[in-house]
file coords-v3.txt (compact mmCIF, C-alpha atoms and all ligand atoms)
# COMPACT_ATOMS: atom_id res chain seq x y z
CA MET A 1 11.79 -0.94 -8.47
CA THR A 2 10.38 -1.45 -5.00
CA GLU A 3 7.41 -3.72 -4.49
CA THR A 4 5.22 -0.68 -3.79
CA THR A 5 6.22 0.95 -7.08
CA ILE A 6 5.52 -2.25 -9.00
CA VAL A 7 2.07 -2.61 -7.45
CA ASN A 8 1.26 1.10 -8.02
CA LYS A 9 2.39 0.92 -11.62
CA LEU A 10 0.37 -2.17 -12.47
CA PHE A 11 -2.71 -0.80 -10.72
CA LYS A 12 -2.49 2.40 -12.75
CA GLU A 13 -1.99 0.45 -15.99
CA LYS A 14 -4.90 -1.90 -15.36
CA PHE A 15 -7.42 0.36 -13.70
CA GLY A 16 -6.29 3.88 -14.66
CA THR A 17 -6.39 5.16 -11.09
CA SER A 18 -4.87 4.45 -7.68
CA GLY A 19 -6.14 2.99 -4.42
CA ASP A 20 -5.13 2.44 -0.79
CA LEU A 21 -2.18 0.25 0.11
CA TYR A 22 -2.32 -2.42 2.78
CA PHE A 23 0.33 -4.83 4.03
CA SER A 24 0.19 -7.94 6.23
CA PRO A 25 3.15 -10.10 7.18
CA GLY A 26 3.95 -13.80 7.28
CA ARG A 27 5.03 -15.31 10.61
CA ILE A 28 7.51 -17.44 12.43
CA ASN A 29 6.69 -19.53 15.48
CA LEU A 30 9.33 -20.12 18.13
CA ILE A 31 7.57 -23.07 19.74
CA GLY A 32 4.06 -24.50 20.13
CA GLU A 33 3.38 -26.28 16.87
CA HIS A 34 0.08 -27.99 16.08
CA THR A 35 -1.15 -26.77 19.43
CA ASP A 36 -3.48 -24.05 18.14
CA TYR A 37 -6.30 -26.34 16.98
CA ASN A 38 -5.75 -28.38 20.15
CA GLY A 39 -6.83 -25.44 22.29
CA GLY A 40 -3.29 -24.79 23.46
CA PHE A 41 -0.71 -22.02 23.31
CA VAL A 42 1.52 -20.78 20.49
CA LEU A 43 4.43 -18.33 20.41
CA PRO A 44 4.53 -16.72 16.96
CA GLY A 45 5.83 -13.39 15.74
CA ALA A 46 5.19 -11.47 12.51
CA ILE A 47 8.11 -11.09 10.10
CA ASP A 48 9.21 -8.31 7.75
CA LYS A 49 7.99 -10.16 4.67
CA GLY A 50 4.39 -10.31 3.58
CA ILE A 51 1.69 -9.37 1.09
CA LEU A 52 1.11 -5.89 -0.20
CA ALA A 53 -2.20 -4.99 -1.88
CA GLU A 54 -3.56 -1.87 -3.50
CA ILE A 55 -7.35 -1.81 -3.24
CA LYS A 56 -10.03 0.54 -4.54
CA PRO A 57 -13.82 0.15 -4.70
CA ASN A 58 -15.00 0.14 -8.33
CA GLY A 59 -18.70 0.85 -7.84
CA SER A 60 -19.72 -2.49 -9.39
CA THR A 61 -20.57 -5.85 -7.84
CA LYS A 62 -17.44 -7.49 -9.24
CA VAL A 63 -13.92 -7.93 -7.95
CA ARG A 64 -11.05 -7.59 -10.41
CA ALA A 65 -7.90 -8.99 -8.83
CA ALA A 66 -4.41 -9.12 -10.31
CA SER A 67 -1.47 -11.02 -8.88
CA VAL A 68 1.87 -9.45 -9.80
CA ASP A 69 3.84 -12.59 -8.96
CA LEU A 70 1.63 -14.98 -10.93
CA ASN A 71 1.01 -12.48 -13.72
CA GLU A 72 -2.69 -13.36 -13.67
CA THR A 73 -5.90 -11.36 -13.41
CA VAL A 74 -9.27 -12.82 -12.47
CA GLU A 75 -12.74 -11.42 -12.08
CA PHE A 76 -15.38 -12.78 -9.75
CA GLY A 77 -18.62 -11.80 -8.05
CA LEU A 78 -19.41 -11.76 -4.36
CA ASN A 79 -22.13 -14.40 -4.10
CA GLU A 80 -21.48 -17.92 -2.89
CA SER A 81 -21.91 -19.27 -6.41
CA ASP A 82 -19.23 -16.91 -7.80
CA LYS A 83 -16.23 -18.82 -6.42
CA PRO A 84 -13.28 -18.23 -8.79
CA SER A 85 -11.45 -21.20 -10.26
CA ALA A 86 -7.92 -19.87 -9.66
CA SER A 87 -6.92 -21.20 -6.23
CA TRP A 88 -5.11 -17.98 -5.20
CA ALA A 89 -8.26 -15.94 -5.89
CA CYS A 90 -10.26 -18.21 -3.55
CA TYR A 91 -8.39 -16.67 -0.62
CA ILE A 92 -9.66 -13.20 -1.54
CA PHE A 93 -13.13 -14.47 -2.40
CA GLY A 94 -13.26 -16.44 0.87
CA VAL A 95 -12.31 -13.37 2.91
CA CYS A 96 -15.10 -11.35 1.26
CA ARG A 97 -17.64 -14.12 1.86
CA GLU A 98 -16.61 -14.61 5.50
CA MET A 99 -16.86 -10.87 6.09
CA GLN A 100 -20.30 -10.80 4.48
CA LYS A 101 -21.36 -13.64 6.79
CA ARG A 102 -20.43 -11.32 9.66
CA GLY A 103 -22.74 -8.60 8.36
CA ALA A 104 -20.24 -6.62 6.28
CA VAL A 105 -21.49 -4.89 3.16
CA ILE A 106 -18.71 -5.25 0.62
CA GLY A 107 -18.99 -3.81 -2.88
CA GLY A 108 -16.92 -4.63 -5.94
CA PHE A 109 -13.29 -3.52 -5.92
CA ASP A 110 -10.14 -3.56 -7.99
CA THR A 111 -6.91 -4.83 -6.54
CA VAL A 112 -3.32 -5.60 -7.44
CA PHE A 113 -1.18 -7.49 -4.96
CA SER A 114 2.33 -8.79 -4.63
CA GLY A 115 4.31 -10.64 -1.98
CA ASP A 116 7.83 -11.26 -0.79
CA VAL A 117 6.98 -13.97 1.72
CA PRO A 118 8.34 -17.15 0.13
CA LEU A 119 5.52 -19.43 -1.02
CA GLY A 120 5.34 -22.93 0.38
CA ALA A 121 8.07 -22.25 2.94
CA GLY A 122 5.77 -22.56 5.96
CA LEU A 123 5.83 -18.81 6.61
CA SER A 124 2.07 -18.42 6.15
CA SER A 125 1.89 -16.61 2.86
CA SER A 126 -1.78 -17.56 2.72
CA ALA A 127 -2.55 -16.01 6.12
CA ALA A 128 -0.69 -12.87 5.00
CA LEU A 129 -2.91 -12.72 1.92
CA GLU A 130 -6.10 -13.24 3.93
CA SER A 131 -5.11 -10.72 6.58
CA THR A 132 -4.19 -8.04 4.03
CA PHE A 133 -7.64 -8.24 2.47
CA ALA A 134 -9.54 -8.74 5.73
CA PHE A 135 -7.81 -5.75 7.30
CA GLY A 136 -7.94 -3.56 4.17
CA LEU A 137 -11.55 -4.27 3.16
CA ASN A 138 -12.69 -3.81 6.76
CA GLU A 139 -11.30 -0.26 6.68
CA ILE A 140 -12.26 0.62 3.12
CA PHE A 141 -15.87 -0.55 3.41
CA LYS A 142 -16.12 0.58 7.06
CA CYS A 143 -17.34 -2.82 8.19
CA GLY A 144 -16.43 -2.35 11.86
CA ILE A 145 -15.36 -5.97 12.37
CA ASP A 146 -12.95 -6.21 15.29
CA LYS A 147 -9.44 -7.54 14.80
CA LYS A 148 -9.98 -10.81 16.66
CA GLU A 149 -12.98 -11.50 14.45
CA LEU A 150 -10.80 -10.74 11.41
CA VAL A 151 -8.53 -13.55 12.59
CA LEU A 152 -11.53 -15.89 12.36
CA VAL A 153 -12.40 -14.48 8.93
CA GLY A 154 -8.97 -15.65 7.72
CA GLN A 155 -9.21 -19.01 9.47
CA LYS A 156 -12.70 -19.74 8.15
CA THR A 157 -11.55 -18.76 4.66
CA GLU A 158 -9.04 -21.60 4.90
CA HIS A 159 -11.67 -24.02 6.24
CA ASN A 160 -14.53 -23.14 3.92
CA TYR A 161 -12.84 -22.03 0.69
CA CYS A 162 -9.32 -23.48 0.65
CA GLY A 163 -9.60 -26.95 2.21
CA VAL A 164 -7.25 -26.53 5.19
CA ASN A 165 -8.63 -27.08 8.69
CA CYS A 166 -6.07 -24.76 10.26
CA GLY A 167 -6.00 -23.15 13.71
CA ILE A 168 -5.78 -19.41 14.41
CA MET A 169 -2.05 -18.95 14.90
CA ASP A 170 -1.05 -17.67 11.47
CA GLN A 171 -3.84 -15.15 11.02
CA PHE A 172 -3.46 -13.95 14.61
CA ALA A 173 0.26 -13.34 14.19
CA SER A 174 -0.28 -11.59 10.88
CA LEU A 175 -2.88 -9.23 12.34
CA PHE A 176 -1.49 -8.72 15.85
CA GLY A 177 2.27 -8.85 15.21
CA LYS A 178 4.42 -6.32 17.05
CA GLU A 179 8.02 -5.38 16.31
CA GLY A 180 10.49 -7.05 18.68
CA ASN A 181 7.80 -9.17 20.34
CA LEU A 182 6.53 -12.71 20.18
CA ILE A 183 2.89 -13.33 21.00
CA ARG A 184 1.99 -15.85 23.67
CA LEU A 185 -1.49 -16.70 22.51
CA ASP A 186 -4.03 -18.89 24.26
CA CYS A 187 -5.83 -20.35 21.26
CA SER A 188 -8.84 -21.47 23.27
CA THR A 189 -9.71 -17.97 24.53
CA MET A 190 -7.73 -15.70 22.14
CA GLU A 191 -6.18 -14.03 25.17
CA TYR A 192 -2.65 -12.96 24.42
CA GLU A 193 0.44 -11.36 25.83
CA TYR A 194 3.39 -9.79 24.01
CA VAL A 195 6.69 -11.35 25.07
CA PRO A 196 9.67 -9.11 24.20
CA PHE A 197 12.12 -11.08 22.13
CA ASN A 198 15.53 -9.59 21.65
CA PRO A 199 17.94 -12.36 22.54
CA LYS A 200 21.30 -10.67 23.10
CA GLY A 201 24.12 -12.74 21.64
CA TYR A 202 21.81 -14.88 19.49
CA LYS A 203 20.25 -14.75 16.07
CA LEU A 204 17.08 -16.33 14.79
CA VAL A 205 17.39 -17.68 11.27
CA LEU A 206 15.28 -19.86 8.99
CA VAL A 207 16.78 -22.46 6.71
CA ASP A 208 14.41 -23.29 3.88
CA SER A 209 14.62 -26.90 2.74
CA VAL A 210 13.10 -25.79 -0.58
CA THR A 211 10.83 -28.80 -0.49
CA LYS A 212 7.26 -27.95 -1.26
CA HIS A 213 5.04 -27.32 1.69
CA GLU A 214 1.41 -27.59 0.72
CA LEU A 215 -1.15 -28.08 3.44
CA VAL A 216 -4.12 -28.45 1.10
CA ASP A 217 -4.54 -32.20 0.51
CA SER A 218 -1.65 -32.86 2.88
CA PRO A 219 -2.05 -35.04 5.96
CA TYR A 220 -2.51 -31.85 8.05
CA ASN A 221 -6.27 -32.40 8.30
CA LYS A 222 -5.61 -36.04 9.25
CA ARG A 223 -3.43 -34.94 12.16
CA ARG A 224 -6.22 -32.78 13.39
CA GLN A 225 -8.63 -35.69 13.09
CA SER A 226 -6.32 -37.91 15.17
CA CYS A 227 -6.29 -35.32 17.95
CA GLU A 228 -10.07 -35.09 17.89
CA ASN A 229 -10.34 -38.89 18.12
CA ALA A 230 -8.15 -38.80 21.23
CA VAL A 231 -10.24 -36.02 22.79
CA LYS A 232 -13.41 -38.05 22.25
CA ALA A 233 -11.89 -41.08 23.96
CA ILE A 234 -10.56 -39.06 26.92
CA ALA A 235 -13.85 -37.17 27.32
CA LYS A 236 -15.70 -40.43 28.01
CA LYS A 237 -14.21 -40.27 31.52
CA HIS A 238 -13.31 -36.58 31.75
CA ASP A 239 -16.15 -34.69 30.18
CA ASN A 240 -14.55 -31.29 30.81
CA VAL A 241 -11.93 -32.12 28.19
CA LYS A 242 -12.79 -30.26 25.01
CA PHE A 243 -9.28 -30.09 23.55
CA LEU A 244 -6.05 -32.01 24.05
CA ALA A 245 -4.66 -28.95 25.81
CA ASP A 246 -7.19 -29.66 28.63
CA ALA A 247 -5.86 -33.19 29.08
CA ASN A 248 -2.71 -34.73 30.54
CA MET A 249 -0.71 -37.86 29.79
CA ASP A 250 -2.38 -39.87 32.58
CA TRP A 251 -5.80 -39.29 31.04
CA LEU A 252 -4.51 -40.08 27.58
CA ASN A 253 -3.03 -43.32 28.92
CA GLU A 254 -6.38 -44.27 30.46
CA ALA A 255 -7.95 -43.88 27.02
CA LYS A 256 -5.15 -45.65 25.16
CA ALA A 257 -7.11 -48.84 24.52
CA ASP A 258 -9.90 -46.88 22.80
CA ILE A 259 -7.75 -45.23 20.14
CA SER A 260 -5.35 -46.35 17.45
CA GLU A 261 -1.64 -46.44 18.09
CA GLU A 262 -1.25 -43.66 15.55
CA ASP A 263 -3.77 -41.39 17.28
CA TYR A 264 -2.03 -42.10 20.60
CA LYS A 265 1.32 -40.94 19.21
CA ARG A 266 -0.19 -37.76 17.75
CA ALA A 267 -1.98 -36.93 20.99
CA THR A 268 1.15 -37.59 23.05
CA TYR A 269 3.02 -35.03 20.98
CA ALA A 270 0.26 -32.42 21.27
CA ILE A 271 0.00 -32.75 25.06
CA GLN A 272 3.78 -32.63 25.52
CA GLU A 273 4.17 -29.68 23.15
CA ASN A 274 1.73 -27.55 25.08
CA GLN A 275 3.70 -28.19 28.28
CA ARG A 276 6.97 -27.46 26.48
CA LEU A 277 5.66 -24.09 25.40
CA ALA A 278 4.73 -23.15 28.96
CA ASP A 279 8.25 -24.10 30.15
CA THR A 280 9.81 -22.20 27.27
CA VAL A 281 8.00 -18.96 28.04
CA ILE A 282 9.29 -19.14 31.64
CA ALA A 283 12.84 -19.76 30.38
CA LEU A 284 12.52 -16.95 27.85
CA LYS A 285 11.49 -14.45 30.48
CA LYS A 286 14.59 -15.42 32.50
CA GLY A 287 16.85 -15.12 29.45
CA ASP A 288 17.66 -18.82 29.79
CA TYR A 289 18.26 -19.56 26.10
CA ALA A 290 19.90 -22.92 26.81
CA THR A 291 16.54 -24.22 28.07
CA VAL A 292 14.66 -22.52 25.26
CA GLY A 293 16.96 -24.25 22.77
CA LYS A 294 16.68 -27.65 24.45
CA ASN A 295 12.90 -27.42 24.21
CA VAL A 296 13.05 -26.35 20.59
CA PHE A 297 15.11 -29.45 19.78
CA ALA A 298 12.64 -31.59 21.73
CA THR A 299 9.82 -30.18 19.60
CA HIS A 300 11.65 -31.26 16.47
CA GLU A 301 12.01 -34.74 17.86
CA GLY A 302 8.28 -34.87 18.66
CA MET A 303 7.23 -33.50 15.30
CA SER A 304 9.49 -35.95 13.53
CA LYS A 305 8.89 -39.16 15.53
CA LEU A 306 5.44 -38.78 17.10
CA TYR A 307 3.54 -36.31 14.96
CA GLU A 308 5.41 -37.42 11.83
CA VAL A 309 5.21 -34.16 9.90
CA SER A 310 8.93 -33.85 9.14
CA THR A 311 10.79 -34.74 5.96
CA VAL A 312 14.18 -36.27 5.21
CA GLU A 313 15.45 -32.81 4.28
CA LEU A 314 14.26 -31.18 7.50
CA ASP A 315 15.64 -33.98 9.68
CA PHE A 316 18.94 -33.58 7.88
CA LEU A 317 19.01 -29.83 8.57
CA ASN A 318 18.19 -30.53 12.20
CA ASP A 319 21.15 -32.92 12.48
CA VAL A 320 23.48 -30.38 10.87
CA ALA A 321 22.27 -27.75 13.35
CA LYS A 322 23.09 -30.09 16.25
CA GLU A 323 26.55 -30.80 14.89
CA CYS A 324 27.23 -27.07 14.48
CA GLY A 325 26.34 -26.35 18.12
CA VAL A 326 23.14 -24.45 17.31
CA THR A 327 21.26 -23.67 20.54
CA GLY A 328 17.85 -24.78 19.25
CA SER A 329 16.54 -25.96 15.89
CA ARG A 330 13.35 -27.50 14.65
CA ILE A 331 10.95 -27.84 11.79
CA MET A 332 8.59 -24.86 11.81
CA GLY A 333 4.93 -24.54 10.85
CA GLY A 334 2.55 -27.20 9.62
CA GLY A 335 5.30 -29.47 8.31
CA PHE A 336 5.71 -31.73 5.26
CA GLY A 337 8.37 -29.36 3.92
CA GLY A 338 9.29 -25.73 4.48
CA CYS A 339 11.87 -24.35 6.91
CA THR A 340 13.70 -25.07 10.11
CA ILE A 341 13.85 -22.27 12.66
CA ASN A 342 17.22 -21.92 14.40
CA LEU A 343 18.32 -20.06 17.48
CA VAL A 344 22.06 -19.62 16.98
CA ALA A 345 24.72 -18.00 19.17
CA ASP A 346 26.47 -15.18 17.30
CA ASP A 347 29.85 -16.93 17.33
CA LYS A 348 28.39 -20.10 15.79
CA TYR A 349 26.31 -18.34 13.16
CA ASP A 350 28.63 -18.05 10.15
CA ASN A 351 29.89 -21.59 10.46
CA PHE A 352 26.36 -22.95 10.79
CA ILE A 353 25.09 -21.14 7.71
CA GLN A 354 28.07 -22.16 5.57
CA THR A 355 27.95 -25.77 6.75
CA ALA A 356 24.17 -26.04 6.29
CA ILE A 357 24.39 -24.72 2.73
CA ALA A 358 27.35 -26.92 1.79
CA ARG A 359 26.11 -30.15 3.39
CA PHE A 360 22.50 -29.78 2.22
CA THR A 361 23.54 -28.99 -1.35
CA ALA A 362 25.92 -31.95 -1.45
CA GLN A 363 23.21 -34.26 -0.10
CA PHE A 364 20.15 -33.11 -2.06
CA GLY A 365 21.56 -31.34 -5.10
CA LYS A 366 19.76 -28.07 -4.35
CA GLU A 367 20.71 -25.09 -2.24
CA PRO A 368 18.69 -24.25 0.87
CA LYS A 369 17.62 -20.64 1.27
CA ILE A 370 18.53 -18.62 4.33
CA TYR A 371 16.16 -16.06 5.86
CA PRO A 372 17.37 -14.07 8.88
CA VAL A 373 14.30 -13.26 11.00
CA LYS A 374 13.26 -9.75 11.94
CA ILE A 375 10.23 -9.71 14.23
CA SER A 376 7.99 -6.98 12.87
CA ASP A 377 4.59 -5.28 13.06
CA GLY A 378 1.31 -6.82 11.93
CA ALA A 379 -1.32 -5.73 9.39
CA ARG A 380 -1.35 -2.05 8.52
CA LYS A 381 -2.22 0.61 5.97
CA ILE A 382 0.89 1.88 4.32
CA GLY A 383 -0.36 4.40 1.81
C1 LIG A 401 -0.24 -24.25 9.91
C2 LIG A 401 -1.64 -23.84 10.35
C3 LIG A 401 -1.63 -23.30 11.78
C4 LIG A 401 -0.93 -24.27 12.73
C5 LIG A 401 0.42 -24.71 12.16
C6 LIG A 401 1.07 -25.77 13.00
O1 LIG A 401 0.59 -23.15 9.82
O2 LIG A 401 -2.17 -22.87 9.48
O3 LIG A 401 -2.94 -23.04 12.20
O4 LIG A 401 -1.74 -25.36 13.02
O5 LIG A 401 0.30 -25.18 10.84
O6 LIG A 401 1.40 -25.26 14.24

call {"tool": "encode", "arguments": {"input": "coords-v3.txt", "output": "structure tokens"}}
result
Amino acid sequence: MTETTIVNKLFKEKFGTSGDLYFSPGRINLIGEHTDYNGGFVLPGAIDKGILAEIKPNGSTKVRAASVDLNETVEFGLNESDKPSASWACYIFGVCREMQKRGAVIGGFDTVFSGDVPLGAGLSSSAALESTFAFGLNEIFKCGIDKKELVLVGQKTEHNYCGVNCGIMDQFASLFGKEGNLIRLDCSTMEYEYVPFNPKGYKLVLVDSVTKHELVDSPYNKRRQSCENAVKAIAKKHDNVKFLADANMDWLNEAKADISEEDYKRATYAIQENQRLADTVIALKKGDYATVGKNVFATHEGMSKLYEVSTVELDFLNDVAKECGVTGSRIMGGGFGGCTINLVADDKYDNFIQTAIARFTAQFGKEPKIYPVKISDGARKIG
């Protein structure tokens, strides 16, 4: 049975009718990690895996939501005090509340949803969930909220209802994704440009370290705090600096005495990463994949040694990639688990995949998962 059939069938069984079908994808990010909340650039793309939801207004003031994958159904209202206890349902509740805060009138609805974006792999399953409901409810209840504002609906859902102080990259990629294109997004202005990505002779592949990636209660929020501490110190002398992306290493060095060594390391990474992304986009447009790859490896180094969001498993996969002659490899997403993203020349591909599986399994006693990447379209109605 396809995912659509499963969702349709369960919806019919539970609610005796059928609704509209919406889909939003997860994302990859080629480079520009932890730069979004620092006012910098990112370079994500939507993937062909995501969350599918069937939705239909039910004429009441209650939401009845069923998750196929968790085999759970919850019911909740739409007032602030109605927050559901199941953590997955908070994403849907949060989206409704954030839309209401923007003037949307949302009635009760029934929904069944399912996903094929691996959970906890750093592929933004939560953004896919938020975007599916933000996009779908916006159409169904004719709220008229524009797509950039829907990005903020998803982001604020994370901040206010799920405990993660994330940036806008994941939700933006999920809503604005375009087949065959990465998105060069300026996170301080939300201006963006599609960058065609069809590297002839190379493949993009994710290797999942199958170690849990959970940003809630993880040191993600602490990283963000470190960057804000550095901005405060720099802004004492340079009051136009609102984000680390506005600063440079000289200014950070001037402020070094005012911040902890840890905050200095975090800020160094964030400033360097923003510059790396700019260089990478230039290289990409020239088809210079050697430079792209070199930068991708440098990002791994920074995320591992300066930002310290890597894991033993991810560092191991990065070393294997180097040994197999992979063009570029790095930890992808927020960190603390999840996948590496790898740009691999066609003739090195099979050997890399076999070696990564064999070496990782021998070392950690569990098999990594392999996801070839297909850059795909963003949120849409599919039925
Ligand atoms: C998570 C967050 C994003 C971004 C990345 C790191 O995916 O949700 O906003 O900060 O981590 O680049």

call {"tool": "residues_around", "arguments": {"input": "coords-v3.txt", "residues": "Lys256 in chain A", "least_positions_apart": "2", "cutoff": "12 Å", "atoms": "all atoms listed in the file", "output": "VMD selection string"}}
result
chain A and resid 229 to 234 249 to 254 258 to 268

call {"tool": "closest_residue", "arguments": {"input": "coords-v3.txt", "among": "A:Gly177, A:Gly122, A:Pro368, A:Gly103", "to": "Ile47 in chain A", "atoms": "all atoms listed in the file"}}
result
A:Gly177

call {"tool": "residues_near_ligand", "arguments": {"input": "coords-v3.txt", "ligand": "ligand LIG 401 (chain A)", "cutoff": "7 Å", "atoms": "only C-alpha atoms and all ligand atoms", "output": "PDB file with C-alpha atoms, in the coordinates of the input"}}
result
ATOM      1  CA  GLY A  32       4.060 -24.500  20.130  1.00  0.00           C
ATOM      2  CA  GLU A  33       3.380 -26.280  16.870  1.00  0.00           C
ATOM      3  CA  HIS A  34       0.080 -27.990  16.080  1.00  0.00           C
ATOM      4  CA  THR A  35      -1.150 -26.770  19.430  1.00  0.00           C
ATOM      5  CA  ASP A  36      -3.480 -24.050  18.140  1.00  0.00           C
ATOM      6  CA  TYR A  37      -6.300 -26.340  16.980  1.00  0.00           C
ATOM      7  CA  GLY A 122       5.770 -22.560   5.960  1.00  0.00           C
ATOM      8  CA  SER A 124       2.070 -18.420   6.150  1.00  0.00           C
ATOM      9  CA  CYS A 166      -6.070 -24.760  10.260  1.00  0.00           C
ATOM     10  CA  GLY A 167      -6.000 -23.150  13.710  1.00  0.00           C
ATOM     11  CA  ILE A 168      -5.780 -19.410  14.410  1.00  0.00           C
ATOM     12  CA  MET A 169      -2.050 -18.950  14.900  1.00  0.00           C
ATOM     13  CA  ASP A 170      -1.050 -17.670  11.470  1.00  0.00           C
ATOM     14  CA  GLY A 333       4.930 -24.540  10.850  1.00  0.00           C
ATOM     15  CA  GLY A 334       2.550 -27.200   9.620  1.00  0.00           C
TER      16      GLY A 334
END

call {"tool": "atom_distance", "arguments": {"input": "coords-v3.txt", "atom1": "CA of Val151 in chain A", "atom2": "CA of Asn79 in chain A"}}
result
21.5 Å

call {"tool": "residues_near_point", "arguments": {"input": "coords-v3.txt", "point": "(18.4, -25.4, 23.6)", "cutoff": "12 Å", "atoms": "all atoms listed in the file", "output": "PyMOL selection string"}}
result
chain A and resi 30-31+202+276+280+283-284+287-300+321-322+325-330+342-345

call {"tool": "closest_residue", "arguments": {"input": "coords-v3.txt", "among": "A:Ile382, A:Ile55, A:Ile353, A:Ile28", "to": "Met332 in chain A", "atoms": "only C-alpha atoms"}}
result
A:Ile28

call {"tool": "atom_distance", "arguments": {"input": "coords-v3.txt", "atom1": "CA of Leu78 in chain A", "atom2": "CA of Gly94 in chain A"}}
result
9.3 Å

call {"tool": "atom_distance", "arguments": {"input": "coords-v3.txt", "atom1": "CA of Leu185 in chain A", "atom2": "CA of Pro25 in chain A"}}
result
17.3 Å

call {"tool": "residues_around", "arguments": {"input": "coords-v3.txt", "residues": "Arg64 in chain A", "least_positions_apart": "5", "cutoff": "7 Å", "atoms": "only C-alpha atoms", "output": "PDB file with C-alpha atoms, in the coordinates of the input"}}
result
ATOM      1  CA  VAL A  74      -9.270 -12.820 -12.470  1.00  0.00           C
ATOM      2  CA  GLU A  75     -12.740 -11.420 -12.080  1.00  0.00           C
ATOM      3  CA  PHE A  76     -15.380 -12.780  -9.750  1.00  0.00           C
ATOM      4  CA  PHE A 109     -13.290  -3.520  -5.920  1.00  0.00           C
ATOM      5  CA  ASP A 110     -10.140  -3.560  -7.990  1.00  0.00           C
ATOM      6  CA  THR A 111      -6.910  -4.830  -6.540  1.00  0.00           C
TER       7      THR A 111
END

call {"tool": "closest_residue", "arguments": {"input": "coords-v3.txt", "among": "A:Ile6, A:Ala278, A:Val42, A:Val164", "to": "Arg223 in chain A", "atoms": "all atoms listed in the file"}}
result
A:Val164

call {"tool": "axis_aligned_box", "arguments": {"input": "coords-v3.txt", "around": "range 23-36 of chain A", "padding_each_side": "3 Å", "output": "AutoDock Vina command-line options"}}
result
--center_x 2.9 --center_y -16.4 --center_z 12.1 --size_x 18.8 --size_y 29.2 --size_z 22.1

call {"tool": "closest_residue", "arguments": {"input": "coords-v3.txt", "among": "A:Tyr161, A:Cys187, A:Gly107, A:Gly40", "to": "Ser60 in chain A", "atoms": "all atoms listed in the file"}}
result
A:Gly107

call {"tool": "build_atoms", "arguments": {"input": "coords-v3.txt", "residues": "range 299-310 of chain A", "atoms": "N, CA and C atoms", "output": "PDB file, in the coordinates of the input"}}
result
ATOM      1  N   THR A 299      10.984 -30.313  20.488  1.00  0.00           N
ATOM      2  CA  THR A 299       9.820 -30.180  19.600  1.00  0.00           C
ATOM      3  C   THR A 299      10.106 -30.834  18.252  1.00  0.00           C
ATOM      4  N   HIS A 300      11.325 -30.620  17.751  1.00  0.00           N
ATOM      5  CA  HIS A 300      11.650 -31.260  16.470  1.00  0.00           C
ATOM      6  C   HIS A 300      11.507 -32.775  16.578  1.00  0.00           C
ATOM      7  N   GLU A 301      12.068 -33.292  17.633  1.00  0.00           N
ATOM      8  CA  GLU A 301      12.010 -34.740  17.860  1.00  0.00           C
ATOM      9  C   GLU A 301      10.550 -35.226  17.861  1.00  0.00           C
ATOM     10  N   GLY A 302       9.703 -34.503  18.581  1.00  0.00           N
ATOM     11  CA  GLY A 302       8.280 -34.870  18.660  1.00  0.00           C
ATOM     12  C   GLY A 302       7.580 -34.755  17.317  1.00  0.00           C
ATOM     13  N   MET A 303       7.894 -33.689  16.599  1.00  0.00           N
ATOM     14  CA  MET A 303       7.230 -33.500  15.300  1.00  0.00           C
ATOM     15  C   MET A 303       7.690 -34.541  14.292  1.00  0.00           C
ATOM     16  N   SER A 304       8.936 -34.979  14.461  1.00  0.00           N
ATOM     17  CA  SER A 304       9.490 -35.950  13.530  1.00  0.00           C
ATOM     18  C   SER A 304       9.025 -37.377  13.867  1.00  0.00           C
ATOM     19  N   LYS A 305       9.116 -37.750  15.168  1.00  0.00           N
ATOM     20  CA  LYS A 305       8.890 -39.160  15.530  1.00  0.00           C
ATOM     21  C   LYS A 305       7.445 -39.455  15.945  1.00  0.00           C
ATOM     22  N   LEU A 306       6.799 -38.493  16.600  1.00  0.00           N
ATOM     23  CA  LEU A 306       5.440 -38.780  17.100  1.00  0.00           C
ATOM     24  C   LEU A 306       4.357 -38.202  16.186  1.00  0.00           C
ATOM     25  N   TYR A 307       4.567 -36.948  15.789  1.00  0.00           N
ATOM     26  CA  TYR A 307       3.540 -36.310  14.960  1.00  0.00           C
ATOM     27  C   TYR A 307       3.764 -36.625  13.482  1.00  0.00           C
ATOM     28  N   GLU A 308       5.012 -36.999  13.187  1.00  0.00           N
ATOM     29  CA  GLU A 308       5.410 -37.420  11.830  1.00  0.00           C
ATOM     30  C   GLU A 308       4.997 -36.436  10.739  1.00  0.00           C
ATOM     31  N   VAL A 309       5.456 -35.184  10.921  1.00  0.00           N
ATOM     32  CA  VAL A 309       5.210 -34.160   9.900  1.00  0.00           C
ATOM     33  C   VAL A 309       6.521 -33.622   9.326  1.00  0.00           C
ATOM     34  N   SER A 310       7.640 -34.316   9.654  1.00  0.00           N
ATOM     35  CA  SER A 310       8.930 -33.850   9.140  1.00  0.00           C
ATOM     36  C   SER A 310       9.221 -34.505   7.790  1.00  0.00           C
TER      37      SER A 310
END
